[in-house]
Structures are given as C-alpha cells and as structure tokens.
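Have a look at input.cif; it's mmCIF, C-alpha atoms:
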```cif
data_protein
loop_
_atom_site.label_atom_id
_atom_site.label_comp_id
_atom_site.auth_asym_id
_atom_site.auth_seq_id
_atom_site.Cartn_x
_atom_site.Cartn_y
_atom_site.Cartn_z
CA MET T 190 11.89 -20.80 -5.71
CA LYS T 191 14.24 -19.78 -8.50
CA ASN T 192 13.42 -17.24 -11.21
CA LYS T 193 12.81 -19.98 -13.77
CA GLN T 194 10.18 -21.57 -11.55
CA TYR T 195 8.30 -18.29 -11.11
CA ILE T 196 8.46 -17.61 -14.85
CA GLU T 197 7.20 -21.11 -15.61
CA MET T 198 4.24 -20.59 -13.27
CA ILE T 199 3.37 -17.30 -14.99
CA LYS T 200 3.76 -18.93 -18.41
CA ASN T 201 1.45 -21.82 -17.54
CA TYR T 202 -1.11 -19.48 -16.00
CA CYS T 203 -1.15 -17.19 -19.06
CA ILE T 204 -1.45 -20.10 -21.48
CA ALA T 205 -4.44 -21.38 -19.51
CA GLU T 206 -6.05 -17.91 -19.43
CA ASP T 207 -5.57 -17.46 -23.15
CA LYS T 208 -7.54 -20.62 -23.83
CA LYS T 209 -10.58 -19.33 -21.97
CA LYS T 210 -13.42 -17.63 -23.80
CA ILE T 211 -13.57 -13.90 -23.22
CA ASP T 212 -17.22 -14.03 -22.16
CA ASP T 213 -16.29 -16.57 -19.49
CA ILE T 214 -13.61 -14.40 -17.87
CA LYS T 215 -14.90 -10.83 -18.29
CA GLY T 216 -16.77 -10.90 -14.98
CA GLU T 217 -13.86 -12.03 -12.83
CA TYR T 218 -11.43 -9.72 -14.62
CA GLN T 219 -13.69 -6.75 -13.97
CA GLU T 220 -14.09 -7.78 -10.33
CA ARG T 221 -10.33 -8.00 -9.82
CA LEU T 222 -9.82 -4.56 -11.37
CA ASP T 223 -12.62 -3.10 -9.26
CA ASN T 224 -11.04 -4.57 -6.13
CA TYR T 225 -7.65 -3.09 -7.04
CA ILE T 226 -9.22 0.36 -7.22
CA TYR T 227 -11.66 0.06 -4.30
CA TYR T 228 -9.36 -1.53 -1.73
CA SER T 229 -6.85 1.30 -1.79
CA LEU T 230 -5.05 3.00 1.10
CA TYR T 231 -3.49 6.35 1.83
CA MET T 232 0.25 6.01 1.50
CA PRO T 233 1.98 6.17 4.91
CA SER T 234 3.20 9.63 5.87
CA CYS T 235 6.39 8.26 7.41
CA ALA T 236 9.48 6.58 5.97
CA ASN T 237 11.59 3.77 7.35
CA CYS T 238 14.88 4.96 8.85
CA SER T 239 16.94 2.31 7.05
CA THR T 240 16.06 0.84 3.67
CA ILE T 241 17.70 -1.35 1.07
CA GLU T 242 16.83 -1.63 -2.62
CA ILE T 243 16.61 -5.12 -4.07
CA ASP T 244 15.99 -5.92 -7.72
CA GLY T 245 14.13 -9.00 -8.85
CA LEU T 246 12.12 -9.93 -5.76
CA TRP T 247 9.05 -12.05 -6.44
CA ILE T 248 5.79 -11.19 -4.67
CA GLU T 249 2.08 -11.87 -5.05
CA PRO T 250 0.48 -8.94 -6.90
CA TYR T 251 -2.57 -8.75 -4.63
CA LYS T 252 -0.21 -7.39 -1.97
CA ILE T 253 0.46 -4.30 -4.12
CA ILE T 254 -1.98 -1.68 -2.86
CA LEU T 255 -3.12 1.29 -4.92
CA SER T 256 -2.63 4.74 -3.40
CA ASN T 257 -6.09 6.13 -2.67
CA GLY T 258 -6.94 9.01 -4.97
CA PHE T 259 -4.56 7.91 -7.72
CA GLU T 260 -5.71 9.24 -11.07
CA PHE T 261 -5.34 6.92 -14.04
CA TYR T 262 -3.73 9.56 -16.23
CA HIS T 263 -2.16 7.34 -18.92
CA HIS T 264 -4.92 4.77 -19.24
CA SER T 265 -8.44 4.67 -17.85
CA PRO T 266 -9.72 1.66 -15.86
CA LYS T 267 -11.73 0.69 -18.95
CA GLU T 268 -8.56 0.70 -21.05
CA ILE T 269 -6.73 -1.34 -18.41
CA PHE T 270 -9.54 -3.89 -18.46
CA GLU T 271 -9.51 -4.18 -22.25
CA TYR T 272 -5.71 -4.36 -22.33
CA SER T 273 -5.73 -7.12 -19.71
CA ILE T 274 -8.12 -9.18 -21.80
CA LYS T 275 -5.95 -8.64 -24.87
CA LYS T 276 -2.60 -9.41 -23.21
CA ARG T 277 -3.62 -12.19 -20.83
CA GLY T 278 -1.80 -14.87 -22.83
CA ASP T 279 1.35 -12.88 -23.67
CA TYR T 280 3.48 -13.98 -20.73
CA GLU T 281 6.74 -12.80 -22.29
CA PHE T 282 5.42 -9.27 -22.65
CA LEU T 283 3.93 -9.26 -19.15
CA ILE T 284 7.20 -10.40 -17.58
CA SER T 285 9.09 -7.74 -19.55
CA GLN T 286 6.89 -5.11 -17.88
CA MET T 287 7.95 -6.17 -14.40
CA ASN T 288 11.68 -6.08 -13.82
CA SER T 289 13.49 -5.90 -17.12
CA GLU T 290 16.98 -4.69 -17.91
CA PRO T 291 18.62 -2.17 -15.55
CA HIS T 292 17.83 1.52 -15.98
CA THR T 293 14.55 0.86 -17.78
CA ASN T 294 11.02 1.66 -16.72
CA ILE T 295 10.66 -1.22 -14.25
CA LEU T 296 8.07 -1.94 -11.61
CA ASP T 297 9.30 0.03 -8.59
CA LEU T 298 7.75 -0.56 -5.15
CA LYS T 299 8.09 0.34 -1.47
CA GLU T 300 7.59 -2.25 1.26
CA TYR T 301 5.45 -1.58 4.33
CA PRO T 302 4.28 -3.78 7.21
CA SER T 303 0.69 -4.94 7.11
CA PRO T 304 -1.54 -3.12 9.63
CA PHE T 305 -2.41 -6.36 11.40
CA THR T 306 -0.60 -9.45 10.11
CA GLN T 307 3.02 -10.47 9.58
CA ASP T 308 2.60 -9.98 5.84
CA LYS T 309 4.16 -7.17 3.85
CA LEU T 310 2.26 -4.72 1.68
CA TYR T 311 3.69 -2.82 -1.26
CA MET T 312 2.91 0.51 -2.88
CA VAL T 313 4.28 1.97 -6.08
CA ARG T 314 7.27 4.21 -5.42
CA LEU T 315 8.02 5.53 -8.91
CA ASN T 316 6.44 3.46 -11.67
CA GLY T 317 3.82 0.80 -11.95
CA ASN T 318 0.26 1.71 -10.90
CA HIS T 319 -1.19 1.06 -14.36
CA ARG T 320 0.87 -2.09 -14.89
CA THR T 321 -0.09 -3.42 -11.49
CA GLY T 322 -3.70 -2.91 -12.51
CA VAL T 323 -3.07 -5.17 -15.52
CA PHE T 324 -1.23 -7.81 -13.46
CA ARG T 325 -3.98 -7.90 -10.85
CA THR T 326 -6.79 -7.87 -13.40
CA ILE T 327 -5.31 -10.86 -15.21
CA GLY T 328 -4.73 -12.55 -11.86
CA LEU T 329 -1.05 -13.35 -12.28
CA PRO T 330 0.23 -15.57 -9.47
CA PHE T 331 3.49 -13.62 -9.05
CA VAL T 332 5.27 -10.50 -10.23
CA THR T 333 8.87 -9.40 -9.85
CA ALA T 334 9.98 -5.86 -9.05
CA ARG T 335 12.58 -3.55 -7.62
CA ILE T 336 11.59 -3.15 -3.99
CA GLU T 337 12.71 -0.71 -1.33
CA LYS T 338 12.66 -2.94 1.74
CA SER T 339 12.31 -1.64 5.28
CA ASN T 340 15.34 -2.55 7.36
CA SER T 341 14.63 -0.88 10.71
CA ASN T 342 11.99 -0.79 13.44
CA LYS T 343 12.24 3.02 13.45
CA TRP T 344 10.33 5.39 11.19
CA THR T 345 10.87 9.05 10.34
CA TYR T 346 7.78 11.24 10.47
CA LEU T 347 8.06 14.79 9.13
CA VAL T 348 5.34 17.21 10.21
CA GLY T 349 4.94 20.58 8.53
CA GLY T 350 1.49 21.55 9.78
CA ASN T 351 -0.17 21.63 13.19
CA ILE T 352 2.69 20.12 15.17
CA TRP T 353 1.04 20.66 18.55
CA PHE T 354 -2.05 18.63 17.61
CA VAL T 355 -0.08 15.92 15.83
CA GLU T 356 2.09 15.45 18.92
CA LYS T 357 -1.07 15.06 20.97
CA PHE T 358 -2.11 12.31 18.57
CA LEU T 359 1.28 10.62 18.98
CA ASN T 360 0.73 10.70 22.74
CA LEU T 361 -2.60 8.95 22.23
CA LEU T 362 -0.95 6.27 20.09
CA VAL T 363 1.53 5.63 22.90
CA LYS T 364 -1.31 5.43 25.41
CA ILE T 365 -3.28 2.89 23.37
CA LYS T 366 -0.11 0.90 22.72
CA LEU T 367 0.19 1.35 18.96
CA ILE T 368 3.63 2.91 19.21
CA GLU T 369 6.39 2.10 21.68
CA ASN T 370 7.64 5.66 21.89
CA TYR T 371 8.66 8.63 19.79
CA GLU T 372 11.44 11.18 19.86
CA ARG T 373 11.24 14.72 18.56
CA ARG T 374 14.47 15.49 16.71
CA ASN T 375 13.70 19.06 15.65
CA SER T 376 10.73 21.34 15.00
CA LYS T 377 9.36 19.08 12.26
CA LYS T 378 11.00 15.68 12.58
CA TYR T 379 9.96 12.74 14.77
CA ILE T 380 11.46 9.27 15.09
CA ILE T 381 8.78 6.71 15.87
CA ILE T 382 9.01 3.11 17.03
CA PRO T 383 5.66 1.43 16.29
CA LYS T 384 4.40 -1.59 18.19
CA THR T 385 2.21 -2.69 15.29
CA GLY T 386 2.05 -2.00 11.59
CA LEU T 387 -1.25 -0.16 12.07
CA ALA T 388 0.46 2.91 13.52
CA ILE T 389 2.31 3.95 10.37
CA TRP T 390 -0.86 3.72 8.26
CA ILE T 391 -2.93 6.13 10.37
CA LEU T 392 -0.45 8.96 10.95
CA PRO T 393 -1.98 12.04 9.30
CA GLY T 394 -0.50 13.70 6.24
CA ASN T 395 2.58 15.82 6.70
CA TYR T 396 1.17 19.27 5.97
CA CYS T 397 -2.26 19.38 7.62
CA ILE T 398 -2.83 22.62 9.55
CA SER T 399 -6.56 22.49 10.32
CA ILE T 400 -7.55 20.21 13.21
CA VAL T 401 -10.71 19.35 11.29
CA LYS T 402 -8.67 18.25 8.27
CA ILE T 403 -6.27 16.23 10.43
CA LEU T 404 -9.18 14.39 12.03
CA LYS T 405 -10.70 13.75 8.62
CA ASP T 406 -7.36 12.41 7.37
CA ILE T 407 -7.04 10.02 10.33
CA ARG T 408 -10.62 8.80 10.03
CA THR T 409 -10.31 8.28 6.28
CA ARG T 410 -7.16 6.23 6.79
CA ILE T 411 -8.94 4.07 9.34
CA ARG T 412 -11.98 3.62 7.08
CA LEU T 413 -9.79 2.50 4.17
CA ILE T 414 -7.99 0.02 6.41
CA GLU T 415 -11.35 -1.37 7.57
CA ASN T 416 -12.37 -1.79 3.92
CA LEU T 417 -9.23 -3.78 3.16
CA TYR T 418 -9.28 -5.78 6.41
CA PRO T 419 -12.95 -6.21 7.44
CA ASP T 420 -12.11 -9.22 9.60
CA TYR T 421 -9.67 -7.14 11.67
CA LYS T 422 -11.95 -4.19 12.40
CA ASN T 423 -12.06 -5.00 16.10
CA LYS T 424 -8.26 -4.89 16.22
CA ILE T 425 -8.44 -1.12 15.78
CA PRO T 426 -8.59 0.48 19.25
CA LYS T 427 -12.06 1.77 20.11
CA LYS T 428 -10.79 5.26 20.87
CA LEU T 429 -9.64 5.66 17.27
CA ARG T 430 -13.09 4.72 15.97
CA SER T 431 -14.95 6.77 18.56
CA LYS T 432 -16.92 9.96 17.87
CA LEU T 433 -14.96 11.36 20.82
CA LEU T 434 -11.62 10.95 19.03
CA LEU T 435 -10.96 14.70 19.15
CA LEU T 436 -11.41 14.72 22.93
CA TYR T 437 -9.16 11.69 23.38
CA ILE T 438 -6.44 13.42 21.36
CA LEU T 439 -6.73 16.73 23.22
CA ILE T 440 -6.42 15.17 26.68
CA SER T 441 -3.47 12.93 25.77
CA LYS T 442 -0.20 13.78 27.47
#
```
Here is a file; write its structure as structure tokens.
Amino acid sequence: MKNKQYIEMIKNYCIAEDKKKIDDIKGEYQERLDNYIYYSLYMPSCANCSTIEIDGLWIEPYKIILSNGFEFYHHSPKEIFEYSIKKRGDYEFLISQMNSEPHTNILDLKEYPSPFTQDKLYMVRLNGNHRTGVFRTIGLPFVTARIEKSNSNKWTYLVGGNIWFVEKFLNLLVKIKLIENYERRNSKKYIIIPKTGLAIWILPGNYCISIVKILKDIRTRIRLIENLYPDYKNKIPKKLRSKLLLLYILISK
C-alpha cells in the first residue's frame, strides 16, 4: 500500500475510536497497555553484521516489543493510558509522532527475526518506547518508523565476561541445531550463523562473569519468550528448559 492508504486507515480508525464512550473503551485500552509491558523481551545481545536504515516503513505496532526492565522515566504507564484516551482521535498528531521531518525525534527501531515464525519483531533503538505504548494502547492498525533492517544471516556477538562458559553454551546451541556454526574472531568477538531466530534471543548478556548469573540470564530470556509465544513453547529444545541445563552446557564440545 501507499503512504496515503496507510494514513487513511489510521484516520478512519481514530475517528471511530473518538466516537466511542470512554467507559466503553477503558478496559481494552488498559489491557493493551498491560500487554505491551508484560510481553516484553530482553534485547538480543548480538547485532546483525550488515544493516540498512530505511525511513518511512509501515509496520503493525503489536510487533514492536518493549525491552524488559525498561523504566518509564518520562511518563508513567498511568500517564500513557490517560494520554492515549485523550489523543485517540487526533490522528494528525499521532502520525506526526511516528516518522516526521528528517532530523527530528522520530520513532527509531531495530528489526530482528521472530524466535519461531517468519515474522519480524522490532525494538526501539533510540527513541519511541513511550510513544509505542500510546500507539499500542490506542490500537492503531499501523505505524511508520525509521527502521534498521537486518541484511545478513550473520550476527556479531561480543562477549566481555566469562568467555569460556559462553563458548560452551555456543557449542550446545550448535549441538541442538539452533545455530549453524560460529567463528571466534578475537578474544571477545564471535560471528554466529543462526539456524532459527530463537538463537539470537537467548544468547546471554555481553558482560556476565558469574556462571550463576549467565544461567539466570538465559533462563529469563527463555521464560520471556514463552510468555510471548505460549503456543510455541514446545519448539524450544528440551535441554534449554531442563534443570540440567548447566550440565548440558559444561559437557558441550
């Protein structure tokens, strides 16, 4: 579709929302905001080896995932809810908060593969967590943004903590067929070729030193993915969900 068609859809949606009584929509608005906050993920610890920035791409806002642990420093969830109710009919303002004139405070996202499906997921790169909360709370059908798109099947993973243990984990991911292979470029840098999108979402944070903390990081990532994709829980290899995960990592070669 062309820009005008997307804008027309947003306009029609907002006009319809504005006609609704506040008491009739408060419940669903609150539910959408709660879902935005609850169904969050840890941001991947790796970066695509080749990316391209594109302005003005149109996507469905439910595919923008909040980074788990994000603190609503400018506006509280309550304020976002009240603002969404107030602005639900102002389509011109809402569109201006997406991808306005160059060099302004536009919605800025990074693209990632879904853990299980062929869909793409997006996370805020620079600006937009609060605004995305408004867009999702209102239930806009589409938003437009500047998006850093992944352009390669290879990912860079920088490790500044317990490299020995992390490499053991990479060996396990190869064994259970979540990554094709990996190459160690230097003492801290790995190039990874995943077989599925799941792999990039469960790599532990870059600066974990304690084995206990690394395991907690991995398990938390998996739990958050299960929250977001309950129907795909069985697609996560059993060894990753096992109480014996530490043992499986240690014996991986």
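Note that the spacing between atom CA of T:Gly322 and atom CA of T:Pro302 amounts to 21.3 Å.
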Could you pull out every residue with an atom within 8 Å of (15.1, -2.1, -6.4), file coordinates, counting all atoms listed in the file, and send them as number ranges by chain?
T: 241-245, 297-298, 334-337
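Closest approach to T:Ile226 among T:Ile407, T:Ile269, T:Met198, T:Leu433: T:Ile269, based on all atoms listed in the file.
Among the candidate residues T:Tyr346, T:Phe270, T:Phe259, T:Tyr421, the one lying nearest to T:Glu220 is T:Phe270, with distances computed using only C-alpha atoms.
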Take atom CA of T:Lys191 and atom CA of T:Ser285 and report the distance between them in Å, one decimal.
17.1 Å
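You can rank T:Thr385, T:Asn340, T:Asn395, T:Thr333 by their closest distance to T:Tyr195 using all atoms listed in the file, and at the top of that list sits T:Thr333.
Nearest to T:Leu387 of all the residues T:Phe305, T:Trp353, T:Phe358, T:Tyr371 is T:Phe305, based on all atoms listed in the file.
Proximity to T:Arg410 was assessed for T:Val332, T:Ile248, T:Leu230, T:Leu222 counting all atoms listed in the file; the smallest distance is recorded for T:Leu230.
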If the PyMOL selection byres ((chain T and resi 429) around 12) is run on the structure shown, which residues does it catch, given as number ranges by chain?
T: 358, 361-362, 364-367, 387-388, 391-392, 404-405, 407-412, 422-428, 430-438
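Put simply, atom CA of T:Ser239 is 8.6 Å away from atom CA of T:Lys338.
Near T:Ile381, within 10 Å and counting only C-alpha atoms, sit T:Cys235, T:Ala236, T:Asn237, T:Cys238, T:Asn342, T:Lys343, T:Trp344, T:Thr345, T:Tyr346, T:Leu359, T:Ile368, T:Glu369, T:Asn370, T:Tyr371, T:Glu372, T:Arg373, T:Ala388, T:Ile389, not including residues fewer than 4 positions from it in the same chain.
The nearest approach to T:Asp223 among the residues T:Ile211, T:Ile414, T:Val323, T:Met312, with all atoms listed in the file taken into account, belongs to T:Val323.
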Pick out the residues sitting within 12 Å of T:Lys252, and hand them over as an NGL selection string; count only C-alpha atoms, and ignore anything fewer than 4 positions along from it in its own chain.
:T and (224-225 or 228-230 or 247-248 or 298-303 or 308-313 or 321-322 or 324-325 or 329-332 or 417)
Do a neighbour search on T:Gly328 at 9 Å with all atoms listed in the file, toss out local chain neighbours closer than 4 positions, and write the hits as a list in words.
Tyr202, Tyr218, Arg221, Pro250, Tyr251, Val323 and Phe324 of chain T
Explicit residue set for the PyMOL selection byres ((chain T and resi 278) around 8), as a count of residues only
10
Any chance you could work out the residue set of the PyMOL selection byres ((chain T and resi 378) around 6) here, as a ChimeraX atom specification?
/T:346-347,374-375,377,379
